[in-house]
Amino acid sequence: MSVCTVVGAQWGDEGKGKIVDLLAENADIIARWGGGPNAGHTVVVKNEKFVLHHIPSGILNPKTINLLGAGVVIDPIVLLKEVDGLVARGIEVEGRLFLDPRAHCIFSYHQRLDAAQEKVAKIGTTKRGIGPAYTDKYARFGIRIGDFSNESHLTARLKAECERMNHQLKQVYGESPMDIQTVLDEILPLRTKIARWIRDVSLELNFGLKQGKNILLEGAQGTLLDINFGTYPFVTSSESIAGGASAGLGLGPKHLTEVIGVAKAYVTRVGNGPFPTEETSEIGEQLRHYGSEFGSTTGRPRRCGWWDNVVANYAVRVNGLTAWAITKLDILCGFPKIHYCTAYDTPYGLTTEFPTDGQILAQVKPIYETVEGWEGPIHHCRTFEALPKAAQNYIQMIEQLTQTPVKYISVGEKRDETIVR
Ligand code: GDP
Ligand code: IMO
Ligand code: MG
């Protein structure tokens with residue numbers, strides 16, 4: 001019996017999907033605790049590529065049960081399309097996917113509002129309706145998965161919410177209103193499909209623990225996109241740090257014993273907001289090109305830069321990381337020199353702690369150390385010792401500077417292209 005939490009340690013897209021898929025081989029239950037279809041988790045199994053937005057990456061492992069907890073926001077249309085896509089590719093989903101009745105829903109009016117708000121706020125959101133759906137949740141107007149149990153109740157709630165949302169769209173943002181009947185027509189036919197998957201996820205997980213099951217908790221987004229600890233306001237609207245897993249799933253914090261931070265061997269970010277080690281030069285272009293750094297959800301080019309140890313130590317602290325999974329080490333092959341940031345030069349002096357103030361963060365200058373690079377390829381390496389010496393040193397640098405062991409090293413996108421230590 002164990003609970004292993006996998007959390008993004010940077011700005012998302014660290015390779016959580018690949019690591020979860022790998023760890024799912026020894027898991028019985030996989031649960032997601034937050035976020036929604038803003039996530040895009042890529043898993044490559046035997047040359048077949050899957051991008052999962054809603055469903056935990058554990059679904060590709062046939063013996064697992066997969067859960068979406070109370071803290072997730074669920075878009076019923078996206079979810080059912082994803083299920084159909086998996087079924088069409090021979091993945092059995094029925095009886096393996098369950099939704100907490102407390103999870104809130106995203107409807108098309110949330111996406112409309114997200115797009116309207118973006119014209120003002122310019123966060124660079126995925127426009128999947130995430131912010132407006134969490135806003136409704138916390139304002140206590142939200143419609144939950146449990147509301148799908150009763151047709152007349154769901155119909156009345158949807159009508160009332162569409163009217164309220166139309167008021168906002170028209171009066172606040174000067175947008176055209178939604179056609180309420182269109183919203184009803186796209187949602188009501190899905191009602192019974194969604195309702196049959198409802199299950200109390202908290203009960204399921206705690207019962208699983210008592211039965212000695214192995215549980216894997218899959219984070220979405222990343223530490224610096226967390227609503228409390230991220231680079232606010234350029235964040236998502238959920239708790240993406242490890243502590244969010246307990247609150248979003250109804251699983252006591254004492255059970256979260258192993259917390260694996262997934263980080264790329266460099267750093268990327270999609271969307272707006274400060275990014276101290278961003279390389280806007282040729283190097284950033286090379287990282288994007290070699291790493292195919294384009295968003296899994298929106299296709300936007302990802303901003304790229306060098307490893308940032310201030311970020312890494314912050315992730316260790318706010319998540320309580322017990323180990324690292326370092327991904328995409330193969331992408332650094334061939335760079336003659338590799339730089340990594342050890343501190344920030346701020347208007348108030350040098351610091352190794354991540355600033356709480358976004359205005360300061362936007363002004364910091366990274367202080368770099370430089371090491372020799374190494375030649376590839378390394379995707380065939382299956383032991384630490386098989387890596388070029390300079391790559392070994394790089395991993396040891398991460399361990400020493402963060403005082404946290406690197407347990408997994410990913411050297412390619414496929415499931416088996418991983419070194420487990
Ligand atoms: P997630 O959102 O954290 O699951 O990450 P994404 O799937 O959005 O982005 C990570 C990308 O890197 C995906 O295209 C993965 O297939 C790919 N990837 C993961 N690990 C490795 C690796 O070690 N090497 C390479 N070359 N690609 C990787
Ligand atoms: P995974 O799980 C990378 C970013 C968006 C934007 C900000 C707010 O694949 O790592 P939102 O639509 O959530 O309101 O957008 O958060 N963002 C992500 N960036 N990976 C993700 O998920 C992300 N989910 C949201 O680009 O900057
Ligand atoms: Mg992603």
# chains A, B, ... in the order shown; residues from 1 in each chain; ligands from 1

call {"tool": "select_by_dssp", "arguments": {"residues": "range 43-163 of chain A", "states": "helix (DSSP H, G or I)", "output": "short mmCIF file (atom, residue, chain, number, x, y, z; two decimals) with all heavy atoms, in the first residue's frame"}}
result
data_model
loop_
_atom_site.label_atom_id
_atom_site.label_comp_id
_atom_site.auth_asym_id
_atom_site.auth_seq_id
_atom_site.Cartn_x
_atom_site.Cartn_y
_atom_site.Cartn_z
N SER A 57 -3.53 9.87 -16.88
CA SER A 57 -2.65 9.16 -17.82
C SER A 57 -2.55 7.67 -17.50
O SER A 57 -2.07 6.89 -18.31
CB SER A 57 -1.25 9.78 -17.80
OG SER A 57 -1.34 11.16 -18.02
N GLY A 58 -3.03 7.29 -16.32
CA GLY A 58 -3.03 5.88 -15.93
C GLY A 58 -3.98 5.02 -16.75
O GLY A 58 -3.87 3.80 -16.77
N ILE A 59 -4.91 5.66 -17.47
CA ILE A 59 -5.93 4.91 -18.21
C ILE A 59 -5.31 3.96 -19.23
O ILE A 59 -5.89 2.94 -19.60
CB ILE A 59 -6.94 5.87 -18.89
CG1 ILE A 59 -8.24 5.16 -19.28
CG2 ILE A 59 -6.34 6.56 -20.09
CD1 ILE A 59 -9.24 4.99 -18.21
N LEU A 60 -4.08 4.29 -19.70
CA LEU A 60 -3.45 3.47 -20.74
C LEU A 60 -2.92 2.16 -20.18
O LEU A 60 -2.51 1.27 -20.92
CB LEU A 60 -2.34 4.26 -21.43
CG LEU A 60 -2.85 5.57 -22.07
CD1 LEU A 60 -1.71 6.36 -22.66
CD2 LEU A 60 -3.89 5.28 -23.14
N PRO A 76 -17.98 18.39 -19.71
CA PRO A 76 -18.58 17.10 -20.11
C PRO A 76 -18.37 16.79 -21.59
O PRO A 76 -18.19 15.62 -21.96
CB PRO A 76 -20.07 17.28 -19.81
CG PRO A 76 -20.17 18.44 -18.89
CD PRO A 76 -18.97 19.32 -19.15
N ILE A 77 -18.38 17.84 -22.43
CA ILE A 77 -18.24 17.60 -23.87
C ILE A 77 -16.82 17.12 -24.17
O ILE A 77 -16.62 16.12 -24.87
CB ILE A 77 -18.56 18.89 -24.67
CG1 ILE A 77 -20.03 19.28 -24.42
CG2 ILE A 77 -18.29 18.71 -26.15
CD1 ILE A 77 -20.45 20.60 -25.04
N VAL A 78 -15.83 17.81 -23.60
CA VAL A 78 -14.42 17.42 -23.83
C VAL A 78 -14.17 16.03 -23.28
O VAL A 78 -13.51 15.19 -23.91
CB VAL A 78 -13.46 18.44 -23.16
CG1 VAL A 78 -12.02 18.00 -23.29
CG2 VAL A 78 -13.64 19.83 -23.77
N LEU A 79 -14.71 15.77 -22.09
CA LEU A 79 -14.48 14.47 -21.45
C LEU A 79 -15.03 13.33 -22.32
O LEU A 79 -14.32 12.35 -22.58
CB LEU A 79 -15.16 14.44 -20.07
CG LEU A 79 -15.03 13.10 -19.34
CD1 LEU A 79 -13.60 12.86 -18.87
CD2 LEU A 79 -15.97 13.02 -18.14
N LEU A 80 -16.27 13.50 -22.80
CA LEU A 80 -16.85 12.39 -23.57
C LEU A 80 -16.16 12.21 -24.92
O LEU A 80 -16.01 11.09 -25.39
CB LEU A 80 -18.36 12.61 -23.74
CG LEU A 80 -19.11 12.38 -22.41
CD1 LEU A 80 -20.56 12.81 -22.50
CD2 LEU A 80 -19.04 10.92 -21.98
N LYS A 81 -15.70 13.31 -25.50
CA LYS A 81 -14.93 13.20 -26.76
C LYS A 81 -13.64 12.43 -26.51
O LYS A 81 -13.21 11.60 -27.32
CB LYS A 81 -14.57 14.60 -27.28
CG LYS A 81 -15.50 15.08 -28.35
CD LYS A 81 -14.87 16.24 -29.13
CE LYS A 81 -15.99 16.99 -29.84
NZ LYS A 81 -15.95 18.42 -29.67
N GLU A 82 -13.02 12.72 -25.37
CA GLU A 82 -11.75 12.04 -25.05
C GLU A 82 -12.00 10.55 -24.83
O GLU A 82 -11.22 9.71 -25.28
CB GLU A 82 -11.14 12.68 -23.80
CG GLU A 82 -9.71 12.30 -23.57
CD GLU A 82 -9.03 13.25 -22.58
OE1 GLU A 82 -9.01 14.47 -22.83
OE2 GLU A 82 -8.54 12.76 -21.55
N VAL A 83 -13.09 10.25 -24.15
CA VAL A 83 -13.43 8.84 -23.93
C VAL A 83 -13.65 8.14 -25.27
O VAL A 83 -13.09 7.07 -25.53
CB VAL A 83 -14.70 8.72 -23.04
CG1 VAL A 83 -15.22 7.29 -23.03
CG2 VAL A 83 -14.40 9.21 -21.62
N ASP A 84 -14.43 8.78 -26.15
CA ASP A 84 -14.71 8.17 -27.47
C ASP A 84 -13.41 7.94 -28.24
O ASP A 84 -13.23 6.91 -28.89
CB ASP A 84 -15.62 9.08 -28.30
CG ASP A 84 -17.05 9.08 -27.76
OD1 ASP A 84 -17.37 8.20 -26.92
OD2 ASP A 84 -17.84 9.96 -28.15
N GLY A 85 -12.50 8.92 -28.15
CA GLY A 85 -11.22 8.81 -28.85
C GLY A 85 -10.42 7.62 -28.34
O GLY A 85 -9.80 6.89 -29.13
N LEU A 86 -10.43 7.41 -27.03
CA LEU A 86 -9.69 6.28 -26.46
C LEU A 86 -10.32 4.96 -26.86
O LEU A 86 -9.63 4.01 -27.26
CB LEU A 86 -9.64 6.40 -24.92
CG LEU A 86 -8.72 7.48 -24.35
CD1 LEU A 86 -8.85 7.55 -22.84
CD2 LEU A 86 -7.26 7.22 -24.74
N VAL A 87 -11.66 4.92 -26.77
CA VAL A 87 -12.38 3.68 -27.11
C VAL A 87 -12.10 3.32 -28.57
O VAL A 87 -11.83 2.15 -28.90
CB VAL A 87 -13.89 3.83 -26.83
CG1 VAL A 87 -14.68 2.64 -27.39
CG2 VAL A 87 -14.13 3.98 -25.32
N ALA A 88 -12.09 4.34 -29.44
CA ALA A 88 -11.82 4.09 -30.88
C ALA A 88 -10.42 3.52 -31.09
O ALA A 88 -10.16 2.86 -32.08
CB ALA A 88 -11.98 5.40 -31.66
N SER A 108 -20.06 25.85 -22.17
CA SER A 108 -19.55 26.74 -23.23
C SER A 108 -19.58 28.21 -22.80
O SER A 108 -18.76 29.01 -23.25
CB SER A 108 -20.32 26.54 -24.54
OG SER A 108 -21.69 26.51 -24.29
N TYR A 109 -20.48 28.57 -21.87
CA TYR A 109 -20.50 29.97 -21.44
C TYR A 109 -19.25 30.32 -20.64
O TYR A 109 -18.81 31.48 -20.62
CB TYR A 109 -21.79 30.33 -20.69
CG TYR A 109 -22.20 29.47 -19.52
CD1 TYR A 109 -21.57 29.57 -18.29
CD2 TYR A 109 -23.28 28.58 -19.63
CE1 TYR A 109 -21.98 28.81 -17.20
CE2 TYR A 109 -23.69 27.82 -18.56
CZ TYR A 109 -23.04 27.93 -17.34
OH TYR A 109 -23.45 27.17 -16.27
N HIS A 110 -18.63 29.34 -19.99
CA HIS A 110 -17.38 29.62 -19.29
C HIS A 110 -16.26 29.92 -20.29
O HIS A 110 -15.40 30.78 -20.06
CB HIS A 110 -16.96 28.43 -18.40
CG HIS A 110 -17.87 28.23 -17.22
ND1 HIS A 110 -18.56 27.06 -17.00
CD2 HIS A 110 -18.19 29.05 -16.21
CE1 HIS A 110 -19.26 27.17 -15.89
NE2 HIS A 110 -19.06 28.37 -15.39
N GLN A 111 -16.29 29.20 -21.41
CA GLN A 111 -15.26 29.45 -22.44
C GLN A 111 -15.45 30.83 -23.06
O GLN A 111 -14.49 31.54 -23.33
CB GLN A 111 -15.31 28.37 -23.52
CG GLN A 111 -14.81 27.04 -23.02
CD GLN A 111 -15.50 25.87 -23.69
OE1 GLN A 111 -16.22 26.03 -24.67
NE2 GLN A 111 -15.30 24.69 -23.16
N ARG A 112 -16.73 31.18 -23.30
CA ARG A 112 -17.01 32.52 -23.85
C ARG A 112 -16.49 33.60 -22.92
O ARG A 112 -15.88 34.57 -23.33
CB ARG A 112 -18.53 32.70 -24.04
CG ARG A 112 -19.11 31.96 -25.24
CD ARG A 112 -18.86 32.71 -26.56
NE ARG A 112 -19.24 34.11 -26.52
CZ ARG A 112 -20.48 34.57 -26.70
NH1 ARG A 112 -21.46 33.74 -26.96
NH2 ARG A 112 -20.72 35.87 -26.65
N LEU A 113 -16.74 33.40 -21.62
CA LEU A 113 -16.31 34.40 -20.64
C LEU A 113 -14.78 34.44 -20.53
O LEU A 113 -14.19 35.52 -20.41
CB LEU A 113 -16.94 34.07 -19.28
CG LEU A 113 -16.96 35.22 -18.28
CD1 LEU A 113 -17.77 36.39 -18.81
CD2 LEU A 113 -17.57 34.76 -16.95
N ASP A 114 -14.16 33.26 -20.59
CA ASP A 114 -12.68 33.18 -20.55
C ASP A 114 -12.10 34.02 -21.69
O ASP A 114 -11.20 34.85 -21.48
CB ASP A 114 -12.27 31.69 -20.71
CG ASP A 114 -10.84 31.41 -20.28
OD1 ASP A 114 -10.09 32.36 -20.05
OD2 ASP A 114 -10.48 30.21 -20.20
N ALA A 115 -12.64 33.84 -22.90
CA ALA A 115 -12.15 34.58 -24.07
C ALA A 115 -12.39 36.08 -23.89
O ALA A 115 -11.51 36.90 -24.20
CB ALA A 115 -12.82 34.06 -25.33
N ALA A 116 -13.56 36.44 -23.35
CA ALA A 116 -13.88 37.86 -23.14
C ALA A 116 -12.95 38.47 -22.10
O ALA A 116 -12.43 39.58 -22.28
CB ALA A 116 -15.34 38.01 -22.71
N GLN A 117 -12.68 37.73 -21.02
CA GLN A 117 -11.80 38.25 -19.96
C GLN A 117 -10.36 38.37 -20.44
O GLN A 117 -9.63 39.26 -20.02
CB GLN A 117 -11.86 37.33 -18.73
CG GLN A 117 -13.19 37.45 -18.00
CD GLN A 117 -13.34 36.45 -16.87
OE1 GLN A 117 -12.60 35.47 -16.77
NE2 GLN A 117 -14.31 36.69 -16.00
N GLU A 118 -9.96 37.46 -21.33
CA GLU A 118 -8.59 37.50 -21.85
C GLU A 118 -8.29 38.81 -22.58
O GLU A 118 -7.15 39.27 -22.58
CB GLU A 118 -8.36 36.32 -22.81
CG GLU A 118 -7.72 35.13 -22.16
CD GLU A 118 -6.34 35.44 -21.60
OE1 GLU A 118 -5.36 35.44 -22.35
OE2 GLU A 118 -6.27 35.69 -20.38
N LYS A 119 -9.34 39.39 -23.21
CA LYS A 119 -9.11 40.65 -23.93
C LYS A 119 -8.67 41.74 -22.96
O LYS A 119 -7.99 42.68 -23.34
CB LYS A 119 -10.42 41.08 -24.62
CG LYS A 119 -10.79 40.20 -25.79
CD LYS A 119 -12.06 40.71 -26.47
CE LYS A 119 -12.57 39.70 -27.47
NZ LYS A 119 -13.97 39.95 -27.84
N VAL A 120 -9.04 41.60 -21.70
CA VAL A 120 -8.69 42.60 -20.69
C VAL A 120 -7.46 42.15 -19.89
O VAL A 120 -6.48 42.87 -19.76
CB VAL A 120 -9.88 42.80 -19.71
CG1 VAL A 120 -9.56 43.91 -18.72
CG2 VAL A 120 -11.17 43.05 -20.47
N ALA A 121 -7.50 40.91 -19.36
CA ALA A 121 -6.48 40.47 -18.39
C ALA A 121 -5.18 40.02 -19.05
O ALA A 121 -4.12 40.12 -18.45
CB ALA A 121 -7.05 39.35 -17.53
N ILE A 130 -11.47 27.63 -17.69
CA ILE A 130 -11.03 27.21 -16.35
C ILE A 130 -11.31 28.29 -15.29
O ILE A 130 -11.95 28.03 -14.27
CB ILE A 130 -9.51 26.88 -16.36
CG1 ILE A 130 -9.18 25.84 -17.44
CG2 ILE A 130 -9.02 26.46 -14.98
CD1 ILE A 130 -9.78 24.48 -17.27
N GLY A 131 -10.81 29.51 -15.55
CA GLY A 131 -10.96 30.60 -14.57
C GLY A 131 -12.43 30.86 -14.25
O GLY A 131 -12.82 30.86 -13.08
N PRO A 132 -13.29 31.07 -15.27
CA PRO A 132 -14.70 31.31 -14.98
C PRO A 132 -15.39 30.14 -14.26
O PRO A 132 -16.27 30.36 -13.41
CB PRO A 132 -15.31 31.54 -16.37
CG PRO A 132 -14.17 32.13 -17.15
CD PRO A 132 -12.95 31.39 -16.67
N ALA A 133 -15.00 28.90 -14.54
CA ALA A 133 -15.64 27.76 -13.84
C ALA A 133 -15.24 27.76 -12.36
O ALA A 133 -16.09 27.55 -11.48
CB ALA A 133 -15.24 26.44 -14.51
N TYR A 134 -13.96 28.02 -12.08
CA TYR A 134 -13.55 28.09 -10.66
C TYR A 134 -14.16 29.33 -9.99
O TYR A 134 -14.47 29.31 -8.80
CB TYR A 134 -12.02 28.09 -10.52
CG TYR A 134 -11.41 26.71 -10.56
CD1 TYR A 134 -10.62 26.31 -11.63
CD2 TYR A 134 -11.63 25.79 -9.53
CE1 TYR A 134 -10.05 25.04 -11.67
CE2 TYR A 134 -11.06 24.52 -9.56
CZ TYR A 134 -10.28 24.15 -10.63
OH TYR A 134 -9.73 22.89 -10.66
N THR A 135 -14.33 30.42 -10.75
CA THR A 135 -14.97 31.61 -10.18
C THR A 135 -16.38 31.26 -9.72
O THR A 135 -16.78 31.57 -8.60
CB THR A 135 -15.04 32.74 -11.24
OG1 THR A 135 -13.73 33.02 -11.68
CG2 THR A 135 -15.66 34.00 -10.66
N ASP A 136 -17.13 30.57 -10.56
CA ASP A 136 -18.49 30.16 -10.20
C ASP A 136 -18.50 29.24 -8.99
O ASP A 136 -19.37 29.33 -8.13
CB ASP A 136 -19.16 29.44 -11.39
CG ASP A 136 -19.72 30.43 -12.39
OD1 ASP A 136 -19.58 31.65 -12.16
OD2 ASP A 136 -20.28 29.97 -13.41
N LYS A 137 -17.50 28.34 -8.94
CA LYS A 137 -17.41 27.42 -7.81
C LYS A 137 -17.27 28.22 -6.50
O LYS A 137 -18.02 28.00 -5.56
CB LYS A 137 -16.20 26.50 -8.00
CG LYS A 137 -15.80 25.71 -6.77
CD LYS A 137 -14.65 24.77 -7.11
CE LYS A 137 -14.11 24.09 -5.85
NZ LYS A 137 -13.21 22.99 -6.14
N TYR A 138 -16.30 29.14 -6.49
CA TYR A 138 -16.04 29.86 -5.24
C TYR A 138 -17.11 30.91 -4.94
O TYR A 138 -17.30 31.27 -3.78
CB TYR A 138 -14.62 30.44 -5.24
CG TYR A 138 -13.61 29.31 -5.06
CD1 TYR A 138 -12.90 28.79 -6.14
CD2 TYR A 138 -13.46 28.71 -3.81
CE1 TYR A 138 -12.03 27.72 -5.97
CE2 TYR A 138 -12.60 27.65 -3.64
CZ TYR A 138 -11.89 27.14 -4.72
OH TYR A 138 -11.05 26.08 -4.54
N ALA A 139 -17.81 31.38 -5.99
CA ALA A 139 -18.92 32.31 -5.76
C ALA A 139 -20.20 31.55 -5.40
O ALA A 139 -21.23 32.16 -5.14
CB ALA A 139 -19.14 33.17 -7.00
N ILE A 145 -21.04 17.95 -11.05
CA ILE A 145 -21.29 16.66 -11.70
C ILE A 145 -22.50 15.96 -11.06
O ILE A 145 -23.32 15.34 -11.75
CB ILE A 145 -20.02 15.79 -11.63
CG1 ILE A 145 -18.96 16.32 -12.61
CG2 ILE A 145 -20.31 14.31 -11.89
CD1 ILE A 145 -19.30 16.17 -14.09
N GLY A 146 -22.64 16.10 -9.75
CA GLY A 146 -23.78 15.49 -9.05
C GLY A 146 -25.12 16.00 -9.57
O GLY A 146 -26.13 15.29 -9.49
N ASP A 147 -25.14 17.23 -10.12
CA ASP A 147 -26.39 17.79 -10.65
C ASP A 147 -26.86 17.07 -11.91
O ASP A 147 -27.99 17.27 -12.35
CB ASP A 147 -26.21 19.29 -10.95
CG ASP A 147 -25.99 20.10 -9.67
OD1 ASP A 147 -26.62 19.79 -8.66
OD2 ASP A 147 -25.15 21.03 -9.69
N PHE A 148 -25.99 16.24 -12.49
CA PHE A 148 -26.37 15.47 -13.68
C PHE A 148 -27.31 14.30 -13.34
O PHE A 148 -27.82 13.63 -14.23
CB PHE A 148 -25.13 14.95 -14.42
CG PHE A 148 -24.52 15.97 -15.35
CD1 PHE A 148 -23.97 17.14 -14.85
CD2 PHE A 148 -24.50 15.76 -16.72
CE1 PHE A 148 -23.42 18.09 -15.70
CE2 PHE A 148 -23.94 16.70 -17.58
CZ PHE A 148 -23.41 17.86 -17.07
N SER A 149 -27.52 14.06 -12.04
CA SER A 149 -28.35 12.91 -11.65
C SER A 149 -29.84 13.14 -11.95
O SER A 149 -30.59 12.18 -12.05
CB SER A 149 -28.22 12.66 -10.14
OG SER A 149 -26.89 12.39 -9.85
N GLU A 151 -32.69 15.23 -14.34
CA GLU A 151 -32.82 16.04 -15.57
C GLU A 151 -33.50 17.39 -15.34
O GLU A 151 -33.02 18.41 -15.82
CB GLU A 151 -33.58 15.26 -16.64
CG GLU A 151 -33.73 16.09 -17.90
CD GLU A 151 -33.92 15.30 -19.16
OE1 GLU A 151 -34.00 14.06 -19.09
OE2 GLU A 151 -33.99 15.93 -20.23
N SER A 152 -34.60 17.39 -14.60
CA SER A 152 -35.31 18.67 -14.46
C SER A 152 -34.48 19.65 -13.62
O SER A 152 -34.44 20.85 -13.90
CB SER A 152 -36.71 18.48 -13.86
OG SER A 152 -36.59 17.83 -12.62
N HIS A 153 -33.79 19.11 -12.63
CA HIS A 153 -32.92 19.96 -11.80
C HIS A 153 -31.79 20.54 -12.65
O HIS A 153 -31.52 21.75 -12.60
CB HIS A 153 -32.37 19.10 -10.64
CG HIS A 153 -31.27 19.75 -9.87
ND1 HIS A 153 -31.52 20.82 -9.02
CD2 HIS A 153 -29.94 19.52 -9.82
CE1 HIS A 153 -30.35 21.20 -8.49
NE2 HIS A 153 -29.40 20.43 -8.96
N LEU A 154 -31.13 19.70 -13.44
CA LEU A 154 -30.02 20.16 -14.28
C LEU A 154 -30.51 21.21 -15.28
O LEU A 154 -29.86 22.24 -15.49
CB LEU A 154 -29.38 18.97 -15.02
CG LEU A 154 -28.21 19.32 -15.94
CD1 LEU A 154 -27.04 19.90 -15.16
CD2 LEU A 154 -27.74 18.08 -16.71
N THR A 155 -31.68 20.96 -15.87
CA THR A 155 -32.24 21.91 -16.85
C THR A 155 -32.47 23.27 -16.20
O THR A 155 -32.08 24.31 -16.76
CB THR A 155 -33.58 21.36 -17.42
OG1 THR A 155 -33.35 20.03 -17.86
CG2 THR A 155 -34.10 22.21 -18.56
N ALA A 156 -33.07 23.26 -15.03
CA ALA A 156 -33.37 24.53 -14.35
C ALA A 156 -32.08 25.26 -13.98
O ALA A 156 -31.96 26.48 -14.17
CB ALA A 156 -34.19 24.25 -13.09
N ARG A 157 -31.10 24.53 -13.51
CA ARG A 157 -29.83 25.16 -13.12
C ARG A 157 -29.12 25.76 -14.34
O ARG A 157 -28.58 26.85 -14.28
CB ARG A 157 -28.92 24.13 -12.41
CG ARG A 157 -29.38 23.66 -11.06
CD ARG A 157 -29.20 24.73 -9.97
NE ARG A 157 -27.80 24.97 -9.70
CZ ARG A 157 -27.16 26.11 -9.98
NH1 ARG A 157 -27.80 27.10 -10.54
NH2 ARG A 157 -25.89 26.25 -9.71
N LEU A 158 -29.11 24.98 -15.43
CA LEU A 158 -28.44 25.47 -16.64
C LEU A 158 -29.11 26.74 -17.17
O LEU A 158 -28.43 27.70 -17.55
CB LEU A 158 -28.46 24.39 -17.74
CG LEU A 158 -27.32 23.39 -17.72
CD1 LEU A 158 -27.60 22.26 -18.71
CD2 LEU A 158 -25.98 24.07 -18.06
N LYS A 159 -30.46 26.75 -17.16
CA LYS A 159 -31.18 27.93 -17.65
C LYS A 159 -30.82 29.15 -16.80
O LYS A 159 -30.52 30.22 -17.32
CB LYS A 159 -32.69 27.70 -17.58
CG LYS A 159 -33.24 26.90 -18.75
CD LYS A 159 -34.75 26.82 -18.66
CE LYS A 159 -35.32 25.99 -19.78
NZ LYS A 159 -36.67 25.50 -19.49
N ALA A 160 -30.85 28.96 -15.49
CA ALA A 160 -30.57 30.08 -14.58
C ALA A 160 -29.14 30.58 -14.77
O ALA A 160 -28.89 31.79 -14.81
CB ALA A 160 -30.79 29.63 -13.13
N GLU A 161 -28.20 29.66 -14.92
CA GLU A 161 -26.79 30.06 -15.06
C GLU A 161 -26.53 30.74 -16.40
O GLU A 161 -25.74 31.67 -16.49
CB GLU A 161 -25.86 28.85 -14.87
CG GLU A 161 -25.65 28.50 -13.41
CD GLU A 161 -25.24 29.72 -12.58
OE1 GLU A 161 -24.17 30.29 -12.86
OE2 GLU A 161 -26.00 30.12 -11.70
N CYS A 162 -27.18 30.24 -17.47
CA CYS A 162 -27.02 30.88 -18.78
C CYS A 162 -27.52 32.32 -18.71
O CYS A 162 -26.89 33.23 -19.25
CB CYS A 162 -27.82 30.14 -19.85
SG CYS A 162 -27.01 28.66 -20.44
N GLU A 163 -28.64 32.53 -18.04
CA GLU A 163 -29.19 33.89 -17.93
C GLU A 163 -28.23 34.80 -17.16
O GLU A 163 -27.97 35.93 -17.57
CB GLU A 163 -30.56 33.86 -17.25
CG GLU A 163 -31.67 33.61 -18.24
CD GLU A 163 -32.99 33.22 -17.59
OE1 GLU A 163 -33.19 33.57 -16.40
OE2 GLU A 163 -33.79 32.56 -18.27
#

call {"tool": "residues_near_ligand", "arguments": {"ligand": "ligand 2", "cutoff": "9 Å", "atoms": "only C-alpha atoms and all ligand atoms", "output": "PyMOL selection string"}}
result
chain A and resi 8+10-17+35-42+52-53+114+123-132+219-222+225-226+233-238+240+268-273+295-298+300+302

call {"tool": "residues_around", "arguments": {"residues": "range 320-327 of chain A", "least_positions_apart": "6", "cutoff": "6 Å", "atoms": "only C-alpha atoms", "output": "VMD selection string"}}
result
chain A and resid 258 to 265 404 to 410

call {"tool": "residues_around", "arguments": {"residues": "Gly243 in chain A", "least_positions_apart": "6", "cutoff": "12 Å", "atoms": "only C-alpha atoms", "output": "NGL selection string"}}
result
:A and (5-7 or 33-34 or 71 or 217 or 219 or 223 or 226 or 228-229 or 249-257 or 259 or 315 or 317-321)

call {"tool": "closest_residue", "arguments": {"among": "A:Ile378, A:Leu68, A:Ala362, A:Val44", "to": "Ser202 in chain A", "atoms": "only C-alpha atoms"}}
result
A:Leu68

call {"tool": "atom_distance", "arguments": {"atom1": "CA of Leu169 in chain A", "atom2": "CA of Arg140 in chain A"}}
result
18.7 Å

call {"tool": "closest_residue", "arguments": {"among": "A:Thr418, A:Val267, A:Phe294, A:Gly90", "to": "ligand 3", "atoms": "only C-alpha atoms and all ligand atoms"}}
result
A:Phe294

call {"tool": "closest_residue", "arguments": {"among": "A:Gly299, A:Ala31, A:Ile198, A:Lys213", "to": "ligand 3", "atoms": "only C-alpha atoms and all ligand atoms"}}
result
A:Gly299

call {"tool": "atom_distance", "arguments": {"atom1": "CA of Ala103 in chain A", "atom2": "CA of Lys193 in chain A"}}
result
15.8 Å

call {"tool": "residues_around", "arguments": {"residues": "Lys365 in chain A", "least_positions_apart": "3", "cutoff": "12 Å", "atoms": "only C-alpha atoms", "output": "list in words"}}
result
Pro274, Phe275, Pro276, Thr277, Glu278, Asp308, Val310, Cys341, Thr342, Ala343, Tyr344, Asp345, Thr346, Pro347, Tyr348, Gly349, Leu350, Thr351, Thr352, Ile360, Leu361, Ala362 and Tyr368 of chain A

call {"tool": "closest_residue", "arguments": {"among": "A:Leu203, A:Ile65, A:Val411, A:Val43", "to": "ligand 3", "atoms": "only C-alpha atoms and all ligand atoms"}}
result
A:Val43

call {"tool": "atom_distance", "arguments": {"atom1": "CA of Pro62 in chain A", "atom2": "CA of Ile106 in chain A"}}
result
28.1 Å

call {"tool": "decode", "arguments": {"residues": "range 268-279 of chain A", "atoms": "C-alpha atoms", "output": "mmCIF file, in the first residue's frame"}}
result
data_model
loop_
_atom_site.group_PDB
_atom_site.id
_atom_site.type_symbol
_atom_site.label_atom_id
_atom_site.label_comp_id
_atom_site.auth_asym_id
_atom_site.auth_seq_id
_atom_site.Cartn_x
_atom_site.Cartn_y
_atom_site.Cartn_z
ATOM 1 C CA THR A 268 9.563 26.075 -20.457
ATOM 2 C CA ARG A 269 6.468 28.192 -20.046
ATOM 3 C CA VAL A 270 3.354 28.807 -22.191
ATOM 4 C CA GLY A 271 1.300 31.940 -21.676
ATOM 5 C CA ASN A 272 2.346 35.286 -20.231
ATOM 6 C CA GLY A 273 4.182 36.230 -17.034
ATOM 7 C CA PRO A 274 7.715 36.420 -15.654
ATOM 8 C CA PHE A 275 10.244 33.716 -16.537
ATOM 9 C CA PRO A 276 13.724 34.671 -15.244
ATOM 10 C CA THR A 277 15.828 32.176 -17.231
ATOM 11 C CA GLU A 278 13.949 32.611 -20.500
ATOM 12 C CA GLU A 279 16.246 32.637 -23.550
#
